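Take a look at the structure set out below.
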Amino acid sequence: MALMAFLATNLGTGGARQTRTVATAFAGVSLTAASWNLASMSRRSVAFLDRYGPRSNHVMNHEARGGSSSIQRHSTVASISDLEQRLEVTHPAYDVVSKEVVNEYGAYCTLYKHKKSGAELLSVASDDDNKVFGITFRTPPNDSTGVPHILEHSVLCGSRKYKTKDPFVQLLQGSLQTFLNAFTYPDRTCYVVASQNTKDFYNLINVYADAVYHPRAITDPNVHAQEGWHLELEKLEDDLTYKGVVYNEMKGVYSSPDSLLSRESQRAIFPNNAYSVDSGGDPVAIPDLSFEQFADFHKKYYHPANSRIYFSGDDDIYTRLQTMDDYLSEFDPSPESKPASTIQWQPKNIAEPRWEQHPYPSSPSSEADEGAKEDKTHMVMVNWLLNDQPLTPTECLVIEILDSLLMGTPQSTLYKALMESGLGSAITGGGLSDELLQSTFSVGLKGVQQSNVKQVETLILDTISNTIQQGFDQGDIDSAMNTMEFKLREFNTGSFPRGLSLMLGAMSKWIYDGSPTEALKFEEPLQELKSMILKDGDQVFKDFAQKFLQLNQHRVTIEMVPDETLEANQLKAEKERLTEIKQSMQEEQLQEIINKTSELKRLQAAEDDPEARATIPSLELSDLKRDVTEFPIEVCENHDNSGVTLVKHEFASTSGIVYANFGIDIRNVPIEDVPLLSLFSRMLTETGAGSYSDIELSRRIGTHTGGIAASVSIRSVRPDGVAEGVVHNGSHLYSKLFIKGKATADKATEMFDIMKLILTDANLNSQARVIEMLKETKARLESAIQGSGHSIANTRMRSHYTVTGYLGEITGGITYLDTVTQLLKDAEDNWDSVHSRLLNIKNIILNEETCRNGMILDITADASVMNNIAQKVDNFLSTIPGKSDGSKLPDLYSSPHPWAVHANTVMSDPRDEGFVVPTQVSYVGKGGRLFKEGEYVAGSTAVVSRFLRTGYLWDRVRVMGGAYGGFCQFDPKSNDGVFTFLSYRDPNLGETLDVYDATATALKESAKALEEDKDALATAIIGAVGDLDGALSVDQKGAVAFNRWIARESPEYRQKFRDEVLTTSADDFCQMAEALGDMSEESVAVVSSKSKFDETAEKGKTLELKQVM
């Protein structure tokens, strides 16, 4: 049921739902509960999963409200026969435990048990060429030292067979992987790889399998020191410091108020089992973890008997079994392993609901501006533990739909009540969380005044009680059911491996000794729930709401209180602890720390010897595909004399679904109103339209489509007279408001009608809703500045160099935060002015004379759907606003964009800036112009920049510097010539800038080495080709073709670019080094704490500071 749970909402749900930070990832990107919910398929929006759903090999014809049953799957009899045969494969080293076909996914599943070691292996045979492998261990911690998390990082730092100090990085550098990562949950640790290339796939498997079972980390304390924590001292007179990748990563996590709220909520609701401690690690507790405890944890939990091994895809089944037997056969049985890792149930033993207060870091008032003073607000979240015994699949589904009815969209009962209350600025908690052994429900508000905190809890409880008394509208139930069923049947995972979504769904039951296929099946519980609704109507959900929420006393409300001294006190406590440690040591002990510090840095800086590198399996250049993959596109300007351009992408199968993107030109919107465009686009689907209220519109979208959403697209295009691949001034832009939707072919008319309705008759006079949206946006931006400061820094730096960079800053950066703050004030005090600006945007983009000339309808579908919807498309285009023979807009490829004319006069010169927030870590950025206007940017630059990202910067900023991430960004096809360095959750500031400044010199040395080491050069090329050839869903393929057309990118240029990547030489590295050494117009942008900026200034590096929060 977990898979079904997740798929309920992704597209068209409206506002974002807050999630908990409960999982961490290895490869420099934090997995939030969004990824967690991916793991359990729970009902959340996942940032890197845009769409999702199941795959099956037969036509589905089940009755369903809203037409989701029209989604089809097609497969040949031969392929089904082949899959059935693969279900029967045996191997002498394994017993077959069960065989089952999950028809909902076309997944032919055989569960094996390794005879000698006791390991379980689930083999899923499918026709998916994006093959997936994973090993998951149950790893419940008994303290908050973060040992599961540190071990997850550490096992990938060399192993018995693979001798380099960081095989994971070698795989990142030279693989065609489509997924390569590891992540830690509160009770388990997953290691996952995926690739479309079979040879590459098994290379990845072998490195990962040897890493988890035979890691260097358990015999080499330096790995624990590097990835976990260590004391660092370079001279006797220096202060002791703590360093370590996980240590600094978690300092970043614990600087986030949202993360602190989630952590306290989980601890409070699970006081008696493994979930009461932090598997990621509390920075205060991490230094308590000894190397011996670290190694013992691996010994206890990383035996094959405690692992769940997973394969899926179109590779050979016997090869899977034999590959793993080569590792598993070395292990004797360990009957105590699984019982020792059993997750204990948390009893619902809170007899009286509780209220707890905890602090979160806030900037000192004396340093804050007016906006910051307003943010001295509280956060309140009410948390329930839903169950202390297993739920049936149908019960899980009922709770999922109940969650959707309460929290699924901004129009859902509880969500709407909270936002309309005015008690806070944004939702927190997000509702249901079902990724662990037991499910929880959490919801609340951030931005709450102290006097209103009790009212938040009262409102939540009263709303639930009133909803139970008044019941749920049948239309809302139909909408929620159709939305879930559409997602389930569509199974559109985008570029994310479908096999991994199946694995994580299966793991939600399998990891707790349940059936791995139970969570993947939805037909039977879905039909059972439909029957229940048919018989009892909304009483089904009222009963569950009463049982699991209203009458459930196992409830804890967490209030987070702003503390202006918390950050300073934490720094003081850490310094005092380290001072005490140093004072307790003799000089010889301190000298030993100095020696260890020196030795660790020497090892970190040392290059792997050729023999060690040779142990890492890799592809050869001859294994790579030489030609670019092209996707279908047909362009018809002035289609059927409508004045609108129709773009079509016809694929073999889209499972009966049409994907439609309707674009409206927005170039004539005044530049001062550009920051309002995201608000305007959101209002199209969230404030009602025509005779439909916001609730009725949301209901109609959910009942008849797979989702409809609006967004703004702004991109630079190559102007006339400029050759492909050449840097230009960026003054020519493509700017559209896109209304995107998907539906089954029989519902296409309904989808187009809704698109027209929201475009022409959206309710733009909704002051209360706009205020809510602006409050949410402000809260989201502030959270991003603290938690994703690298992105904010990158946006700021790019604003100095290009028009698109400037527009990105005023619509999503620090500047936008200032704008939103003012807009919020205007909406509250002078609504007529804001309403007038919104109406002006609508009138401009729907100008009767010109609007059709700027409209584009982009359709992705199969031949059958195209034929089915042809007349529906014509009907839609004949009824939209504008004259079919109206005036033409200026050609965007020959005329500068109006926004560019303004931007070029107001863009600020590059400068060095620092943005002050309460945090224990830094996000350090530096950028500049790498290539000037008129210069050609070769495909080889993609290889070199990737080489820096996975080599020098990884080693210097992450491994040696202790940051969670260090990387660079350069897009050769952007044609802007801008290059940026960035770090993530970094303990350093000035030192990281020094690393950036030394890049050119380091790259020159690498170029010399690559002259002699052709294998290393080939590895760099292979990794870059992997970036070019990611897995795509059918609608993504259509989007790629569309974007290529807009960019006027020719097939010849695409092939030339790929050839340049494939033929990259050491000389190309040398040229890039020269360019980096000559990089012009440099700028710096850093998000950090005031104390860190002061410390850096004392060392001679000063920045222009701005207090943000």
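Scheme for the structure tokens: letters A, B, ... for chains in order shown; per-chain residue numbers from 1; ligand numbers from 1 in order shown.
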task: Would you please give, as a VMD selection string, all residues of stretch 594-804 of chain A that DSSP assigns to helix (DSSP H, G or I) based on the backbone?
output: chain A and resid 594 to 605 610 to 613 621 to 623 639 to 641 671 to 686 694 to 704 745 to 761 767 to 787 789 to 798 803 to 804
At a cut-off of 9 Å, using only C-alpha atoms, what residues contact stretch 246-263 of chain A? Leave out same-chain residues fewer than 2 positions from it and give the result as an mmCIF file with C-alpha atoms, in the first residue's frame.
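Listed below is the output, selection-v6.cif:
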```cif
data_model
loop_
_atom_site.group_PDB
_atom_site.id
_atom_site.type_symbol
_atom_site.label_atom_id
_atom_site.label_comp_id
_atom_site.auth_asym_id
_atom_site.auth_seq_id
_atom_site.Cartn_x
_atom_site.Cartn_y
_atom_site.Cartn_z
ATOM 1 C CA GLN A 18 5.819 20.441 4.172
ATOM 2 C CA THR A 19 7.737 17.240 4.865
ATOM 3 C CA ARG A 20 10.054 15.976 7.558
ATOM 4 C CA THR A 21 13.777 15.567 7.244
ATOM 5 C CA VAL A 22 14.190 11.945 8.140
ATOM 6 C CA SER A 30 20.201 15.745 1.389
ATOM 7 C CA GLY A 146 24.686 8.986 13.877
ATOM 8 C CA HIS A 149 24.588 7.587 8.765
ATOM 9 C CA ILE A 150 28.362 7.714 9.217
ATOM 10 C CA HIS A 153 29.108 7.326 4.050
ATOM 11 C CA GLN A 226 37.016 11.740 7.705
ATOM 12 C CA GLU A 227 33.364 10.866 7.188
ATOM 13 C CA GLY A 228 32.224 10.972 10.822
ATOM 14 C CA TRP A 229 34.240 13.175 13.107
ATOM 15 C CA TYR A 242 35.785 19.158 15.306
ATOM 16 C CA LYS A 243 35.837 18.135 11.644
ATOM 17 C CA GLY A 244 33.987 15.500 9.656
ATOM 18 C CA SER A 265 8.120 15.658 16.749
ATOM 19 C CA GLN A 266 9.460 12.231 15.855
ATOM 20 C CA ARG A 267 11.211 11.903 19.200
ATOM 21 C CA ALA A 268 8.095 12.900 21.107
ATOM 22 C CA SER A 276 13.259 8.346 19.528
ATOM 23 C CA VAL A 277 16.899 8.948 18.576
ATOM 24 C CA ASP A 278 18.421 10.510 15.468
ATOM 25 C CA GLY A 280 21.455 10.926 11.109
ATOM 26 C CA GLY A 281 23.284 12.110 14.202
ATOM 27 C CA ASP A 282 22.989 15.003 16.629
ATOM 28 C CA PRO A 283 26.112 17.206 16.333
ATOM 29 C CA ILE A 286 28.363 12.552 17.150
ATOM 30 C CA PRO A 287 31.764 13.033 18.885
ATOM 31 C CA HIS A 358 11.820 23.614 22.171
ATOM 32 C CA PRO A 359 14.068 26.420 20.882
ATOM 33 C CA TYR A 360 15.123 27.189 17.339
ATOM 34 C CA PRO A 361 17.872 29.637 16.276
ATOM 35 C CA MET A 379 6.091 27.110 14.989
ATOM 36 C CA VAL A 380 3.341 24.761 16.156
ATOM 37 C CA MET A 381 2.757 21.191 14.984
ATOM 38 C CA THR A 428 4.176 22.552 8.322
ATOM 39 C CA GLY A 429 3.942 18.818 8.843
ATOM 40 C CA LYS A 446 4.938 28.269 11.091
ATOM 41 C CA ILE A 558 5.443 20.646 19.530
ATOM 42 C CA GLU A 559 5.974 24.383 19.834
ATOM 43 C CA MET A 560 9.246 25.776 18.504
ATOM 44 C CA GLU A 567 23.377 29.778 17.964
ATOM 45 C CA SER A 783 13.619 28.208 4.643
ATOM 46 C CA GLN A 786 18.878 28.594 5.553
ATOM 47 C CA GLY A 787 18.710 25.090 4.111
ATOM 48 C CA PRO A 918 21.288 31.990 11.925
ATOM 49 C CA THR A 919 23.234 28.870 10.939
ATOM 50 C CA GLN A 920 26.158 26.722 12.044
ATOM 51 C CA VAL A 921 27.452 26.163 8.482
ATOM 52 C CA SER A 922 28.262 28.185 5.373
ATOM 53 C CA GLY A 962 34.684 18.629 5.688
ATOM 54 C CA ALA A 963 31.790 20.217 3.763
ATOM 55 C CA TYR A 964 28.840 18.060 2.816
ATOM 56 C CA GLY A 965 29.232 19.160 -0.796
ATOM 57 C CA TYR A 984 27.036 23.032 0.753
ATOM 58 C CA ARG A 985 26.929 22.839 4.553
ATOM 59 C CA ASP A 986 30.517 23.958 4.741
ATOM 60 C CA PRO A 987 32.413 24.472 8.028
#
```
Atom CA of A:Trp355 to atom CA of A:Leu459, distance in Å rounded to a single decimal: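 Atom CA of A:Leu459 lies 15.3 Å from atom CA of A:Trp355.
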- prompt: How many Å lie between atom CA of A:Leu171 and atom CA of A:Gly925, rounded to one decimal?
  reply: 26.0 Å
message: Could you pull out the strand (DSSP E) residues of stretch 614-717 of chain A, going by DSSP on the backbone, and write them as a ChimeraX atom specification?
response: /A:634-636,645-651,657-665,707-716
query: Do you know which residues are at most 9 Å from stretch 848-858 of chain A counting only C-alpha atoms, after dropping those on the same chain fewer than 4 positions away, and could you put them as JSON, numbers by chain?
result: {"A": [637, 638, 642, 643, 644, 645, 646, 647, 648, 649, 659, 660, 661, 662, 663, 664, 665, 666, 736, 843, 844, 873, 877, 880, 881, 882, 883, 884, 885, 886, 887, 888, 889, 1038, 1039, 1042]}
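Between A:Ile1022 and the residues A:Val1061, A:Val834, A:Leu1076, A:Ala998, the shortest atom-to-atom distance, using only C-alpha atoms, involves A:Val1061.
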query: Nearest to A:Val635 among A:Ser154, A:Asp761, A:Glu1074, A:Trp1045, with distances taken over only C-alpha atoms: which residue is it?
result: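 Checking each candidate against A:Val635, we get A:Trp1045 as the closest.
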message: For A:Thr980, find every residue with an atom within 9 Å (counting only C-alpha atoms), except residues of its own chain fewer than 3 positions away, and show them as a list of chain:residue names.
response: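 Using only C-alpha atoms, the neighbours found are A:Asn794, A:Met797, A:Arg798, A:Gly925, A:Lys926, A:Gly927, A:Gly928, A:Arg929, A:Phe967, A:Cys968, A:Gln969, A:Phe970.
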Counting only C-alpha atoms, what is within 7 Å of A:Cys109, bar same-chain residues fewer than 5 positions away, as a PDB file with C-alpha atoms, in the first residue's frame?
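Once everything was written out, this is result37.pdb:
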```
ATOM      1  CA  LEU A  87       9.949 -16.049 -13.196  1.00  0.00           C
ATOM      2  CA  LYS A  99       6.741 -16.442  -7.128  1.00  0.00           C
ATOM      3  CA  GLU A 100       4.223 -13.744  -7.897  1.00  0.00           C
ATOM      4  CA  VAL A 101       3.167 -11.511 -10.762  1.00  0.00           C
ATOM      5  CA  LEU A 122      13.840 -10.217  -4.670  1.00  0.00           C
ATOM      6  CA  SER A 123      14.249 -10.549  -8.433  1.00  0.00           C
ATOM      7  CA  VAL A 124      11.825  -8.473 -10.480  1.00  0.00           C
ATOM      8  CA  ALA A 125      11.752  -9.265 -14.188  1.00  0.00           C
TER       9      ALA A 125
END
```
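Within 7 Å of A:Ser495, once only C-alpha atoms are used and residues closer than 6 positions along the same chain are dropped, the contacting residues are Gly1030, Ala1031, Leu1032 and Ser1033 of chain A.
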Could those selected residues go to a file with C-alpha atoms, as an mmCIF file, in the first residue's frame?
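Dumped everything to again_2.cif:
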```cif
data_model
loop_
_atom_site.group_PDB
_atom_site.id
_atom_site.type_symbol
_atom_site.label_atom_id
_atom_site.label_comp_id
_atom_site.auth_asym_id
_atom_site.auth_seq_id
_atom_site.Cartn_x
_atom_site.Cartn_y
_atom_site.Cartn_z
ATOM 1 C CA GLY A 1030 19.771 9.875 -18.844
ATOM 2 C CA ALA A 1031 16.568 7.834 -18.762
ATOM 3 C CA LEU A 1032 13.462 9.807 -19.729
ATOM 4 C CA SER A 1033 9.721 9.237 -19.529
#
```
- prompt: Which residue gives the smallest distance to A:Phe294 among A:Ala605, A:Leu846, A:Leu397, A:Ala217, with only C-alpha atoms counted?
  reply: A:Ala217
From A:Ile695, A:Ser678, A:Ala870, A:Phe981, residue lying nearest A:Glu1082 [only C-alpha atoms]: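 Ranking A:Ile695, A:Ser678, A:Ala870, A:Phe981 by distance to A:Glu1082, first place goes to A:Phe981.
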Could you produce a table of the residues of stretch 1013-1078 of chain A lying within 10 Å of stretch 619-626 of chain A, with the nearest pair of atoms per residue and their separation in Å rounded to one decimal, using only C-alpha atoms, ordered by chain and increasing residue number, as JSON lines?
```
{"residue": "A:Asp1015", "atom": "CA", "partner": "A:Glu620", "partner_atom": "CA", "distance": 8.6}
{"residue": "A:Ala1018", "atom": "CA", "partner": "A:Leu621", "partner_atom": "CA", "distance": 6.5}
{"residue": "A:Thr1019", "atom": "CA", "partner": "A:Leu619", "partner_atom": "CA", "distance": 7.9}
{"residue": "A:Ile1021", "atom": "CA", "partner": "A:Leu621", "partner_atom": "CA", "distance": 8.0}
{"residue": "A:Ile1022", "atom": "CA", "partner": "A:Leu621", "partner_atom": "CA", "distance": 6.8}
{"residue": "A:Gly1023", "atom": "CA", "partner": "A:Leu619", "partner_atom": "CA", "distance": 9.9}
{"residue": "A:Val1025", "atom": "CA", "partner": "A:Leu624", "partner_atom": "CA", "distance": 7.8}
{"residue": "A:Gly1026", "atom": "CA", "partner": "A:Leu624", "partner_atom": "CA", "distance": 9.1}
{"residue": "A:Asp1029", "atom": "CA", "partner": "A:Lys625", "partner_atom": "CA", "distance": 9.2}
{"residue": "A:Gln1055", "atom": "CA", "partner": "A:Arg626", "partner_atom": "CA", "distance": 8.6}
{"residue": "A:Arg1058", "atom": "CA", "partner": "A:Arg626", "partner_atom": "CA", "distance": 7.7}
{"residue": "A:Asp1059", "atom": "CA", "partner": "A:Arg626", "partner_atom": "CA", "distance": 7.5}
{"residue": "A:Leu1062", "atom": "CA", "partner": "A:Leu621", "partner_atom": "CA", "distance": 7.9}
{"residue": "A:Thr1063", "atom": "CA", "partner": "A:Leu621", "partner_atom": "CA", "distance": 9.7}
```
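Taking atom CA of A:Thr463 as the reference point, atom CA of A:Leu418 is found at 9.0 Å.
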Excluding A:Glu336 and any residue of its chain fewer than 3 positions from it, enumerate the residues within 10 Å of it, using only C-alpha atoms, and give them as a compact mmCIF listing (two decimals) with N, CA and C atoms, in the first residue's frame.
```txt
# COMPACT_ATOMS: atom_id res chain seq x y z
N LYS A 300 27.44 -6.05 13.49
CA LYS A 300 26.14 -6.49 14.01
C LYS A 300 25.06 -6.46 12.94
N ALA A 305 22.44 -11.97 6.26
CA ALA A 305 21.17 -12.44 6.81
C ALA A 305 20.27 -11.28 7.20
N ASN A 306 20.85 -10.10 7.40
CA ASN A 306 20.06 -8.92 7.77
C ASN A 306 19.84 -8.01 6.57
N PRO A 333 25.77 -18.90 8.14
CA PRO A 333 24.47 -18.43 8.66
C PRO A 333 24.66 -17.58 9.92
N PRO A 339 16.67 -11.14 14.08
CA PRO A 339 16.00 -10.82 15.36
C PRO A 339 16.64 -9.64 16.09
N ALA A 340 17.97 -9.52 15.97
CA ALA A 340 18.66 -8.44 16.68
C ALA A 340 18.33 -7.06 16.12
N SER A 341 17.86 -7.02 14.87
CA SER A 341 17.57 -5.73 14.25
C SER A 341 16.07 -5.43 14.18
```
